[in-house]
>>> print(open('start25.txt').read())   # compact mmCIF, N, CA, C and O atoms
# COMPACT_ATOMS: atom_id res chain seq x y z
N MET J 206 -15.26 -40.48 -12.33
CA MET J 206 -15.11 -40.41 -13.75
C MET J 206 -14.27 -39.20 -14.09
O MET J 206 -14.61 -38.09 -13.77
N GLY J 207 -13.17 -39.42 -14.78
CA GLY J 207 -12.29 -38.33 -15.14
C GLY J 207 -12.72 -37.63 -16.41
O GLY J 207 -13.56 -38.11 -17.15
N LEU J 208 -12.08 -36.50 -16.66
CA LEU J 208 -12.39 -35.70 -17.84
C LEU J 208 -12.15 -36.47 -19.13
O LEU J 208 -12.88 -36.34 -20.09
N PHE J 209 -11.11 -37.30 -19.16
CA PHE J 209 -10.75 -38.01 -20.38
C PHE J 209 -11.07 -39.50 -20.32
O PHE J 209 -10.50 -40.29 -21.03
N ASP J 210 -12.00 -39.88 -19.46
CA ASP J 210 -12.40 -41.28 -19.33
C ASP J 210 -13.40 -41.57 -20.44
O ASP J 210 -14.58 -41.26 -20.30
N MET J 211 -12.95 -42.13 -21.53
CA MET J 211 -13.77 -42.26 -22.73
C MET J 211 -14.26 -43.69 -22.99
O MET J 211 -14.24 -44.17 -24.11
N GLN J 212 -14.70 -44.37 -21.96
CA GLN J 212 -15.23 -45.72 -22.11
C GLN J 212 -16.65 -45.75 -21.55
O GLN J 212 -16.93 -45.10 -20.55
N PRO J 213 -17.55 -46.53 -22.17
CA PRO J 213 -18.88 -46.66 -21.58
C PRO J 213 -18.78 -47.35 -20.23
O PRO J 213 -17.83 -48.07 -19.96
N LYS J 214 -19.76 -47.12 -19.38
CA LYS J 214 -19.75 -47.61 -18.01
C LYS J 214 -20.92 -48.56 -17.75
O LYS J 214 -21.93 -48.53 -18.45
N LEU J 215 -20.76 -49.37 -16.71
CA LEU J 215 -21.86 -50.13 -16.15
C LEU J 215 -22.55 -49.22 -15.14
O LEU J 215 -21.92 -48.32 -14.60
N ALA J 216 -23.82 -49.44 -14.89
CA ALA J 216 -24.55 -48.61 -13.93
C ALA J 216 -25.33 -49.48 -12.96
O ALA J 216 -25.81 -50.56 -13.33
N THR J 217 -25.42 -49.01 -11.73
CA THR J 217 -26.29 -49.65 -10.75
C THR J 217 -27.28 -48.60 -10.24
O THR J 217 -26.95 -47.43 -10.10
N VAL J 218 -28.50 -49.05 -10.01
CA VAL J 218 -29.55 -48.19 -9.47
C VAL J 218 -30.12 -48.89 -8.24
O VAL J 218 -30.58 -50.04 -8.32
N LEU J 219 -30.00 -48.23 -7.10
CA LEU J 219 -30.47 -48.79 -5.82
C LEU J 219 -29.88 -50.18 -5.57
O LEU J 219 -30.58 -51.10 -5.12
N GLY J 220 -28.60 -50.36 -5.90
CA GLY J 220 -27.91 -51.61 -5.64
C GLY J 220 -28.18 -52.73 -6.63
O GLY J 220 -27.76 -53.86 -6.43
N LYS J 221 -28.87 -52.41 -7.73
CA LYS J 221 -29.18 -53.43 -8.75
C LYS J 221 -28.52 -53.05 -10.07
O LYS J 221 -28.48 -51.87 -10.43
N ALA J 222 -28.05 -54.05 -10.79
CA ALA J 222 -27.47 -53.82 -12.12
C ALA J 222 -28.54 -53.23 -13.02
O ALA J 222 -29.67 -53.71 -13.06
N PHE J 223 -28.19 -52.17 -13.74
CA PHE J 223 -29.14 -51.52 -14.63
C PHE J 223 -28.87 -51.93 -16.06
O PHE J 223 -27.73 -51.99 -16.50
N ARG J 224 -29.94 -52.23 -16.79
CA ARG J 224 -29.85 -52.58 -18.21
C ARG J 224 -30.73 -51.64 -19.01
O ARG J 224 -31.71 -51.11 -18.50
N CYS J 225 -30.40 -51.48 -20.28
CA CYS J 225 -31.20 -50.64 -21.16
C CYS J 225 -32.63 -51.18 -21.22
O CYS J 225 -32.85 -52.39 -21.36
N LEU J 226 -33.60 -50.29 -21.11
CA LEU J 226 -35.00 -50.69 -21.13
C LEU J 226 -35.47 -51.10 -22.53
O LEU J 226 -36.51 -51.72 -22.67
N VAL J 227 -34.68 -50.77 -23.56
CA VAL J 227 -35.07 -51.11 -24.93
C VAL J 227 -34.40 -52.41 -25.39
O VAL J 227 -35.06 -53.33 -25.83
N CYS J 228 -33.06 -52.47 -25.26
CA CYS J 228 -32.34 -53.62 -25.84
C CYS J 228 -31.67 -54.53 -24.81
O CYS J 228 -31.14 -55.57 -25.17
N GLY J 229 -31.68 -54.14 -23.53
CA GLY J 229 -31.11 -54.99 -22.49
C GLY J 229 -29.61 -54.88 -22.32
O GLY J 229 -29.02 -55.59 -21.50
N TRP J 230 -28.95 -53.98 -23.05
CA TRP J 230 -27.50 -53.82 -22.96
C TRP J 230 -27.11 -53.25 -21.61
O TRP J 230 -27.92 -52.63 -20.93
N ARG J 231 -25.85 -53.43 -21.19
CA ARG J 231 -25.41 -53.02 -19.86
C ARG J 231 -24.43 -51.86 -19.85
O ARG J 231 -24.06 -51.40 -18.78
N GLU J 232 -23.99 -51.38 -21.00
CA GLU J 232 -22.98 -50.31 -21.01
C GLU J 232 -23.57 -49.00 -21.50
O GLU J 232 -24.31 -48.98 -22.49
N PHE J 233 -23.20 -47.91 -20.79
CA PHE J 233 -23.81 -46.61 -21.03
C PHE J 233 -22.77 -45.50 -21.05
O PHE J 233 -21.77 -45.55 -20.34
N TRP J 234 -23.06 -44.47 -21.81
CA TRP J 234 -22.35 -43.20 -21.76
C TRP J 234 -23.19 -42.30 -20.87
O TRP J 234 -24.40 -42.46 -20.81
N SER J 235 -22.57 -41.38 -20.17
CA SER J 235 -23.35 -40.51 -19.30
C SER J 235 -23.11 -39.04 -19.64
O SER J 235 -22.06 -38.69 -20.17
N ARG J 236 -24.12 -38.22 -19.35
CA ARG J 236 -24.01 -36.77 -19.52
C ARG J 236 -25.13 -36.09 -18.75
O ARG J 236 -26.16 -36.68 -18.47
N GLU J 237 -24.89 -34.83 -18.43
CA GLU J 237 -25.92 -34.02 -17.76
C GLU J 237 -26.98 -33.63 -18.80
O GLU J 237 -26.65 -33.31 -19.94
N VAL J 238 -28.23 -33.66 -18.39
CA VAL J 238 -29.35 -33.31 -19.25
C VAL J 238 -30.17 -32.24 -18.53
O VAL J 238 -30.56 -32.43 -17.38
N LYS J 239 -30.42 -31.10 -19.17
CA LYS J 239 -31.24 -30.04 -18.58
C LYS J 239 -32.71 -30.41 -18.65
O LYS J 239 -33.19 -30.89 -19.68
N LEU J 240 -33.43 -30.20 -17.57
CA LEU J 240 -34.87 -30.44 -17.52
C LEU J 240 -35.57 -29.10 -17.72
O LEU J 240 -35.93 -28.42 -16.77
N ASN J 241 -35.73 -28.71 -18.96
CA ASN J 241 -36.28 -27.39 -19.28
C ASN J 241 -37.76 -27.30 -18.95
O ASN J 241 -38.50 -28.26 -19.06
N SER J 242 -38.17 -26.10 -18.54
CA SER J 242 -39.58 -25.83 -18.29
C SER J 242 -39.98 -24.64 -19.16
O SER J 242 -39.18 -23.77 -19.46
N THR J 243 -41.24 -24.60 -19.55
CA THR J 243 -41.73 -23.55 -20.43
C THR J 243 -41.56 -22.17 -19.81
O THR J 243 -41.11 -21.23 -20.46
N GLY J 244 -41.89 -22.04 -18.52
CA GLY J 244 -41.81 -20.73 -17.86
C GLY J 244 -40.39 -20.19 -17.85
O GLY J 244 -40.15 -19.02 -18.15
N ALA J 245 -39.44 -21.04 -17.49
CA ALA J 245 -38.05 -20.59 -17.44
C ALA J 245 -37.55 -20.22 -18.84
O ALA J 245 -36.83 -19.23 -19.01
N GLU J 246 -37.94 -20.98 -19.84
CA GLU J 246 -37.55 -20.68 -21.22
C GLU J 246 -38.12 -19.33 -21.66
O GLU J 246 -37.43 -18.52 -22.26
N MET J 247 -39.38 -19.09 -21.32
CA MET J 247 -40.05 -17.87 -21.75
C MET J 247 -39.39 -16.62 -21.16
O MET J 247 -39.30 -15.60 -21.82
N PHE J 248 -38.91 -16.73 -19.94
CA PHE J 248 -38.31 -15.57 -19.28
C PHE J 248 -36.78 -15.56 -19.35
O PHE J 248 -36.13 -14.81 -18.64
N GLY J 249 -36.21 -16.41 -20.19
CA GLY J 249 -34.77 -16.43 -20.36
C GLY J 249 -34.02 -16.99 -19.16
O GLY J 249 -32.86 -16.66 -18.94
N LEU J 250 -34.67 -17.84 -18.39
CA LEU J 250 -34.05 -18.40 -17.19
C LEU J 250 -33.77 -19.90 -17.32
O LEU J 250 -33.71 -20.62 -16.33
N ALA J 251 -33.57 -20.38 -18.53
CA ALA J 251 -33.34 -21.81 -18.75
C ALA J 251 -32.11 -22.30 -17.98
O ALA J 251 -32.06 -23.45 -17.56
N TRP J 252 -31.15 -21.42 -17.76
CA TRP J 252 -29.95 -21.80 -17.02
C TRP J 252 -30.27 -22.23 -15.59
O TRP J 252 -29.52 -22.96 -14.97
N ALA J 253 -31.43 -21.80 -15.07
CA ALA J 253 -31.79 -22.11 -13.68
C ALA J 253 -32.54 -23.44 -13.55
O ALA J 253 -32.82 -23.87 -12.44
N ASN J 254 -32.86 -24.07 -14.67
CA ASN J 254 -33.57 -25.36 -14.60
C ASN J 254 -32.68 -26.43 -13.98
O ASN J 254 -31.46 -26.38 -14.07
N GLN J 255 -33.31 -27.41 -13.36
CA GLN J 255 -32.58 -28.53 -12.78
C GLN J 255 -32.01 -29.42 -13.87
O GLN J 255 -32.43 -29.38 -15.02
N SER J 256 -31.04 -30.25 -13.50
CA SER J 256 -30.49 -31.21 -14.44
C SER J 256 -30.76 -32.62 -13.95
O SER J 256 -31.03 -32.83 -12.78
N ALA J 257 -30.63 -33.54 -14.89
CA ALA J 257 -30.75 -34.96 -14.59
C ALA J 257 -29.50 -35.62 -15.16
O ALA J 257 -28.75 -35.01 -15.93
N LEU J 258 -29.27 -36.86 -14.78
CA LEU J 258 -28.19 -37.63 -15.38
C LEU J 258 -28.78 -38.45 -16.50
O LEU J 258 -29.75 -39.19 -16.29
N GLY J 259 -28.24 -38.31 -17.69
CA GLY J 259 -28.68 -39.11 -18.83
C GLY J 259 -27.72 -40.26 -19.04
O GLY J 259 -26.51 -40.06 -19.12
N LEU J 260 -28.25 -41.49 -19.08
CA LEU J 260 -27.45 -42.65 -19.45
C LEU J 260 -27.86 -43.04 -20.86
O LEU J 260 -29.02 -43.35 -21.12
N ILE J 261 -26.90 -43.02 -21.77
CA ILE J 261 -27.16 -43.30 -23.18
C ILE J 261 -26.64 -44.69 -23.49
O ILE J 261 -25.45 -44.97 -23.32
N CYS J 262 -27.52 -45.56 -23.93
CA CYS J 262 -27.15 -46.94 -24.22
C CYS J 262 -26.10 -46.98 -25.32
O CYS J 262 -26.26 -46.36 -26.37
N ASP J 263 -25.03 -47.72 -25.07
CA ASP J 263 -23.93 -47.84 -26.04
C ASP J 263 -24.34 -48.67 -27.26
O ASP J 263 -23.72 -48.57 -28.31
N ARG J 264 -25.40 -49.46 -27.16
CA ARG J 264 -25.83 -50.29 -28.28
C ARG J 264 -26.91 -49.61 -29.12
O ARG J 264 -26.74 -49.44 -30.31
N CYS J 265 -28.01 -49.19 -28.50
CA CYS J 265 -29.14 -48.67 -29.28
C CYS J 265 -29.31 -47.16 -29.21
O CYS J 265 -30.05 -46.58 -29.98
N GLY J 266 -28.64 -46.49 -28.25
CA GLY J 266 -28.71 -45.04 -28.16
C GLY J 266 -29.87 -44.49 -27.35
O GLY J 266 -30.01 -43.28 -27.23
N TYR J 267 -30.68 -45.35 -26.77
CA TYR J 267 -31.81 -44.87 -25.97
C TYR J 267 -31.28 -44.09 -24.77
O TYR J 267 -30.31 -44.50 -24.13
N VAL J 268 -31.93 -42.97 -24.44
CA VAL J 268 -31.50 -42.13 -23.32
C VAL J 268 -32.42 -42.35 -22.13
O VAL J 268 -33.62 -42.13 -22.22
N HIS J 269 -31.84 -42.78 -21.03
CA HIS J 269 -32.55 -42.96 -19.76
C HIS J 269 -32.21 -41.75 -18.90
O HIS J 269 -31.05 -41.41 -18.78
N GLU J 270 -33.20 -41.10 -18.30
CA GLU J 270 -32.95 -39.91 -17.48
C GLU J 270 -33.25 -40.20 -16.01
O GLU J 270 -34.26 -40.79 -15.69
N PHE J 271 -32.33 -39.74 -15.13
CA PHE J 271 -32.47 -39.93 -13.70
C PHE J 271 -32.39 -38.58 -13.01
O PHE J 271 -31.34 -37.93 -13.06
N ALA J 272 -33.46 -38.17 -12.35
CA ALA J 272 -33.47 -36.94 -11.57
C ALA J 272 -33.45 -37.33 -10.10
O ALA J 272 -33.93 -38.39 -9.73
N GLY J 273 -32.89 -36.49 -9.27
CA GLY J 273 -32.81 -36.83 -7.85
C GLY J 273 -31.67 -37.80 -7.61
O GLY J 273 -30.55 -37.58 -8.02
N ARG J 274 -31.98 -38.92 -6.99
CA ARG J 274 -30.95 -39.93 -6.71
C ARG J 274 -30.42 -40.50 -8.02
O ARG J 274 -31.17 -40.98 -8.86
N ARG J 275 -29.12 -40.44 -8.18
CA ARG J 275 -28.50 -40.82 -9.45
C ARG J 275 -27.90 -42.22 -9.39
O ARG J 275 -27.47 -42.67 -8.34
N PRO J 276 -27.83 -42.88 -10.54
CA PRO J 276 -27.17 -44.18 -10.59
C PRO J 276 -25.69 -44.06 -10.28
O PRO J 276 -25.09 -43.00 -10.46
N GLU J 277 -25.10 -45.15 -9.84
CA GLU J 277 -23.66 -45.20 -9.66
C GLU J 277 -23.06 -45.80 -10.92
O GLU J 277 -23.62 -46.75 -11.49
N LEU J 278 -21.93 -45.27 -11.35
CA LEU J 278 -21.27 -45.74 -12.56
C LEU J 278 -20.00 -46.50 -12.21
O LEU J 278 -19.30 -46.14 -11.26
N HIS J 279 -19.72 -47.56 -12.98
CA HIS J 279 -18.60 -48.45 -12.70
C HIS J 279 -17.87 -48.77 -14.00
O HIS J 279 -18.52 -48.93 -15.05
N LYS J 280 -16.56 -48.91 -13.94
CA LYS J 280 -15.79 -49.28 -15.12
C LYS J 280 -16.22 -50.67 -15.60
O LYS J 280 -16.29 -51.61 -14.81
N ALA J 281 -16.50 -50.78 -16.90
CA ALA J 281 -17.00 -52.03 -17.46
C ALA J 281 -15.99 -53.16 -17.30
O ALA J 281 -16.37 -54.31 -17.04
N ASP J 282 -14.69 -52.87 -17.43
CA ASP J 282 -13.69 -53.93 -17.34
C ASP J 282 -13.51 -54.44 -15.90
O ASP J 282 -12.95 -55.51 -15.69
N LYS J 283 -14.01 -53.71 -14.92
CA LYS J 283 -13.92 -54.14 -13.52
C LYS J 283 -15.18 -54.90 -13.09
O LYS J 283 -15.20 -55.55 -12.06
N GLY J 284 -16.26 -54.80 -13.86
CA GLY J 284 -17.52 -55.45 -13.51
C GLY J 284 -18.28 -54.71 -12.44
O GLY J 284 -17.88 -53.64 -11.99
N TYR J 285 -19.40 -55.29 -12.04
CA TYR J 285 -20.22 -54.69 -10.99
C TYR J 285 -19.56 -54.91 -9.63
O TYR J 285 -18.88 -55.91 -9.42
N PRO J 286 -19.82 -54.03 -8.66
CA PRO J 286 -19.27 -54.24 -7.32
C PRO J 286 -19.88 -55.47 -6.65
O PRO J 286 -21.00 -55.87 -6.99
N ALA J 287 -19.16 -56.02 -5.71
CA ALA J 287 -19.66 -57.17 -4.95
C ALA J 287 -20.98 -56.80 -4.29
O ALA J 287 -21.15 -55.68 -3.81
N GLY J 288 -21.91 -57.72 -4.27
CA GLY J 288 -23.20 -57.49 -3.63
C GLY J 288 -24.25 -56.88 -4.53
O GLY J 288 -25.38 -56.69 -4.12
N THR J 289 -23.89 -56.57 -5.78
CA THR J 289 -24.87 -56.00 -6.72
C THR J 289 -25.80 -57.10 -7.20
O THR J 289 -25.36 -58.17 -7.61
N GLU J 290 -27.10 -56.82 -7.15
CA GLU J 290 -28.08 -57.78 -7.67
C GLU J 290 -28.16 -57.67 -9.17
O GLU J 290 -28.16 -56.58 -9.73
N ASP J 291 -28.26 -58.82 -9.84
CA ASP J 291 -28.34 -58.80 -11.30
C ASP J 291 -29.76 -58.91 -11.77
O ASP J 291 -30.63 -59.45 -11.38
>>> encode(input="start25.txt", output="structure tokens")
Amino acid sequence: MGLFDMQPKLATVLGKAFRCLVCGWREFWSREVKLNSTGAEMFGLAWANQSALGLICDRCGYVHEFAGRRPELHKADKGYPAGTED
């Protein structure tokens, strides 16, 4: 994903097509999301908190968060890769 790639993406999780858990849509915007903890905030160490990948549904706006193993993102106009389960 490039700096100026301004199109929503399709996502796969563990080789399966991912859909929004609220509305069932397939296209998402992505961004890093900080996983803040109270202790780190209290001591001014919020910068040290881990991050997750947030997938924001292009239709309803629901934010799905993935920590650890992250989803793979694919250009919507290219479709899902071969072998992806729907």
>>> residues_around(input="start25.txt", residues="stretch 232-239 of chain J", least_positions_apart="2", cutoff="4.5 Å", atoms="all atoms listed in the file", output="list in words")
Pro213, Lys214, Trp230, Asn241, Gln255, Ser256, Ala257, Leu258, Gly259, Leu260, Ile261, Cys262 and Asp263 of chain J
>>> closest_residue(input="start25.txt", among="J:Val218, J:Leu240, J:Ala287, J:Met211", to="J:Arg275", atoms="all atoms listed in the file")
J:Val218
>>> residues_near_point(input="start25.txt", point="(-24.5, -46.8, -16.1)", cutoff="6 Å", atoms="all atoms listed in the file", output="list in words")
Lys214, Leu215, Ala216, Thr217, Arg231, Glu232, Phe233, Glu277, Leu278 and His279 of chain J
>>> atom_distance(input="start25.txt", atom1="atom C of J:Thr289", atom2="atom CA of J:Gln212")
21.5 Å
>>> atom_distance(input="start25.txt", atom1="atom CA of J:Arg264", atom2="atom CA of J:Glu290")
22.0 Å
>>> atom_distance(input="start25.txt", atom1="atom CA of J:Pro286", atom2="atom CA of J:Gly220")
9.2 Å
>>> build_atoms(input="start25.txt", residues="stretch 253-264 of chain J", atoms="all heavy atoms", output="PDB file, in the frame of the given file")
ATOM      1  N   ALA J 253     -31.430 -21.800 -15.070  1.00  0.00           N
ATOM      2  CA  ALA J 253     -31.790 -22.110 -13.680  1.00  0.00           C
ATOM      3  C   ALA J 253     -32.540 -23.440 -13.550  1.00  0.00           C
ATOM      4  O   ALA J 253     -32.820 -23.870 -12.440  1.00  0.00           O
ATOM      5  CB  ALA J 253     -32.658 -20.989 -13.121  1.00  0.00           C
ATOM      6  N   ASN J 254     -32.860 -24.070 -14.670  1.00  0.00           N
ATOM      7  CA  ASN J 254     -33.570 -25.360 -14.600  1.00  0.00           C
ATOM      8  C   ASN J 254     -32.680 -26.430 -13.980  1.00  0.00           C
ATOM      9  O   ASN J 254     -31.460 -26.380 -14.070  1.00  0.00           O
ATOM     10  CB  ASN J 254     -33.993 -25.814 -16.002  1.00  0.00           C
ATOM     11  CG  ASN J 254     -35.204 -25.074 -16.501  1.00  0.00           C
ATOM     12  OD1 ASN J 254     -36.114 -24.801 -15.740  1.00  0.00           O
ATOM     13  ND2 ASN J 254     -35.211 -24.752 -17.779  1.00  0.00           N
ATOM     14  N   GLN J 255     -33.310 -27.410 -13.360  1.00  0.00           N
ATOM     15  CA  GLN J 255     -32.580 -28.530 -12.780  1.00  0.00           C
ATOM     16  C   GLN J 255     -32.010 -29.420 -13.870  1.00  0.00           C
ATOM     17  O   GLN J 255     -32.430 -29.380 -15.020  1.00  0.00           O
ATOM     18  CB  GLN J 255     -33.503 -29.350 -11.888  1.00  0.00           C
ATOM     19  CG  GLN J 255     -33.935 -28.627 -10.647  1.00  0.00           C
ATOM     20  CD  GLN J 255     -34.763 -29.529  -9.749  1.00  0.00           C
ATOM     21  OE1 GLN J 255     -35.199 -30.601 -10.145  1.00  0.00           O
ATOM     22  NE2 GLN J 255     -34.983 -29.072  -8.535  1.00  0.00           N
ATOM     23  N   SER J 256     -31.040 -30.250 -13.500  1.00  0.00           N
ATOM     24  CA  SER J 256     -30.490 -31.210 -14.440  1.00  0.00           C
ATOM     25  C   SER J 256     -30.760 -32.620 -13.950  1.00  0.00           C
ATOM     26  O   SER J 256     -31.030 -32.830 -12.780  1.00  0.00           O
ATOM     27  CB  SER J 256     -29.000 -31.090 -14.642  1.00  0.00           C
ATOM     28  OG  SER J 256     -28.424 -30.013 -14.130  1.00  0.00           O
ATOM     29  N   ALA J 257     -30.630 -33.540 -14.890  1.00  0.00           N
ATOM     30  CA  ALA J 257     -30.750 -34.960 -14.590  1.00  0.00           C
ATOM     31  C   ALA J 257     -29.500 -35.620 -15.160  1.00  0.00           C
ATOM     32  O   ALA J 257     -28.750 -35.010 -15.930  1.00  0.00           O
ATOM     33  CB  ALA J 257     -31.997 -35.537 -15.256  1.00  0.00           C
ATOM     34  N   LEU J 258     -29.270 -36.860 -14.780  1.00  0.00           N
ATOM     35  CA  LEU J 258     -28.190 -37.630 -15.380  1.00  0.00           C
ATOM     36  C   LEU J 258     -28.780 -38.450 -16.500  1.00  0.00           C
ATOM     37  O   LEU J 258     -29.750 -39.190 -16.290  1.00  0.00           O
ATOM     38  CB  LEU J 258     -27.531 -38.550 -14.340  1.00  0.00           C
ATOM     39  CG  LEU J 258     -26.433 -39.448 -14.902  1.00  0.00           C
ATOM     40  CD1 LEU J 258     -25.238 -38.604 -15.345  1.00  0.00           C
ATOM     41  CD2 LEU J 258     -26.003 -40.477 -13.882  1.00  0.00           C
ATOM     42  N   GLY J 259     -28.240 -38.310 -17.690  1.00  0.00           N
ATOM     43  CA  GLY J 259     -28.680 -39.110 -18.830  1.00  0.00           C
ATOM     44  C   GLY J 259     -27.720 -40.260 -19.040  1.00  0.00           C
ATOM     45  O   GLY J 259     -26.510 -40.060 -19.120  1.00  0.00           O
ATOM     46  N   LEU J 260     -28.250 -41.490 -19.080  1.00  0.00           N
ATOM     47  CA  LEU J 260     -27.450 -42.650 -19.450  1.00  0.00           C
ATOM     48  C   LEU J 260     -27.860 -43.040 -20.860  1.00  0.00           C
ATOM     49  O   LEU J 260     -29.020 -43.350 -21.120  1.00  0.00           O
ATOM     50  CB  LEU J 260     -27.706 -43.819 -18.492  1.00  0.00           C
ATOM     51  CG  LEU J 260     -27.251 -43.647 -17.058  1.00  0.00           C
ATOM     52  CD1 LEU J 260     -27.522 -44.926 -16.264  1.00  0.00           C
ATOM     53  CD2 LEU J 260     -25.783 -43.285 -16.977  1.00  0.00           C
ATOM     54  N   ILE J 261     -26.900 -43.020 -21.770  1.00  0.00           N
ATOM     55  CA  ILE J 261     -27.160 -43.300 -23.180  1.00  0.00           C
ATOM     56  C   ILE J 261     -26.640 -44.690 -23.490  1.00  0.00           C
ATOM     57  O   ILE J 261     -25.450 -44.970 -23.320  1.00  0.00           O
ATOM     58  CB  ILE J 261     -26.479 -42.256 -24.076  1.00  0.00           C
ATOM     59  CG1 ILE J 261     -26.974 -40.863 -23.677  1.00  0.00           C
ATOM     60  CG2 ILE J 261     -26.742 -42.535 -25.543  1.00  0.00           C
ATOM     61  CD1 ILE J 261     -25.911 -39.830 -23.634  1.00  0.00           C
ATOM     62  N   CYS J 262     -27.520 -45.560 -23.930  1.00  0.00           N
ATOM     63  CA  CYS J 262     -27.150 -46.940 -24.220  1.00  0.00           C
ATOM     64  C   CYS J 262     -26.100 -46.980 -25.320  1.00  0.00           C
ATOM     65  O   CYS J 262     -26.260 -46.360 -26.370  1.00  0.00           O
ATOM     66  CB  CYS J 262     -28.383 -47.738 -24.626  1.00  0.00           C
ATOM     67  SG  CYS J 262     -28.007 -49.454 -25.052  1.00  0.00           S
ATOM     68  N   ASP J 263     -25.030 -47.720 -25.070  1.00  0.00           N
ATOM     69  CA  ASP J 263     -23.930 -47.840 -26.040  1.00  0.00           C
ATOM     70  C   ASP J 263     -24.340 -48.670 -27.260  1.00  0.00           C
ATOM     71  O   ASP J 263     -23.720 -48.570 -28.310  1.00  0.00           O
ATOM     72  CB  ASP J 263     -22.718 -48.484 -25.359  1.00  0.00           C
ATOM     73  CG  ASP J 263     -21.495 -48.498 -26.238  1.00  0.00           C
ATOM     74  OD1 ASP J 263     -21.172 -47.443 -26.827  1.00  0.00           O
ATOM     75  OD2 ASP J 263     -20.851 -49.564 -26.347  1.00  0.00           O
ATOM     76  N   ARG J 264     -25.400 -49.460 -27.160  1.00  0.00           N
ATOM     77  CA  ARG J 264     -25.830 -50.290 -28.280  1.00  0.00           C
ATOM     78  C   ARG J 264     -26.910 -49.610 -29.120  1.00  0.00           C
ATOM     79  O   ARG J 264     -26.740 -49.440 -30.310  1.00  0.00           O
ATOM     80  CB  ARG J 264     -26.353 -51.631 -27.790  1.00  0.00           C
ATOM     81  CG  ARG J 264     -26.787 -52.517 -28.960  1.00  0.00           C
ATOM     82  CD  ARG J 264     -27.477 -53.774 -28.507  1.00  0.00           C
ATOM     83  NE  ARG J 264     -26.499 -54.792 -28.170  1.00  0.00           N
ATOM     84  CZ  ARG J 264     -26.813 -55.925 -27.575  1.00  0.00           C
ATOM     85  NH1 ARG J 264     -28.053 -56.179 -27.231  1.00  0.00           N
ATOM     86  NH2 ARG J 264     -25.886 -56.818 -27.304  1.00  0.00           N
TER      87      ARG J 264
END
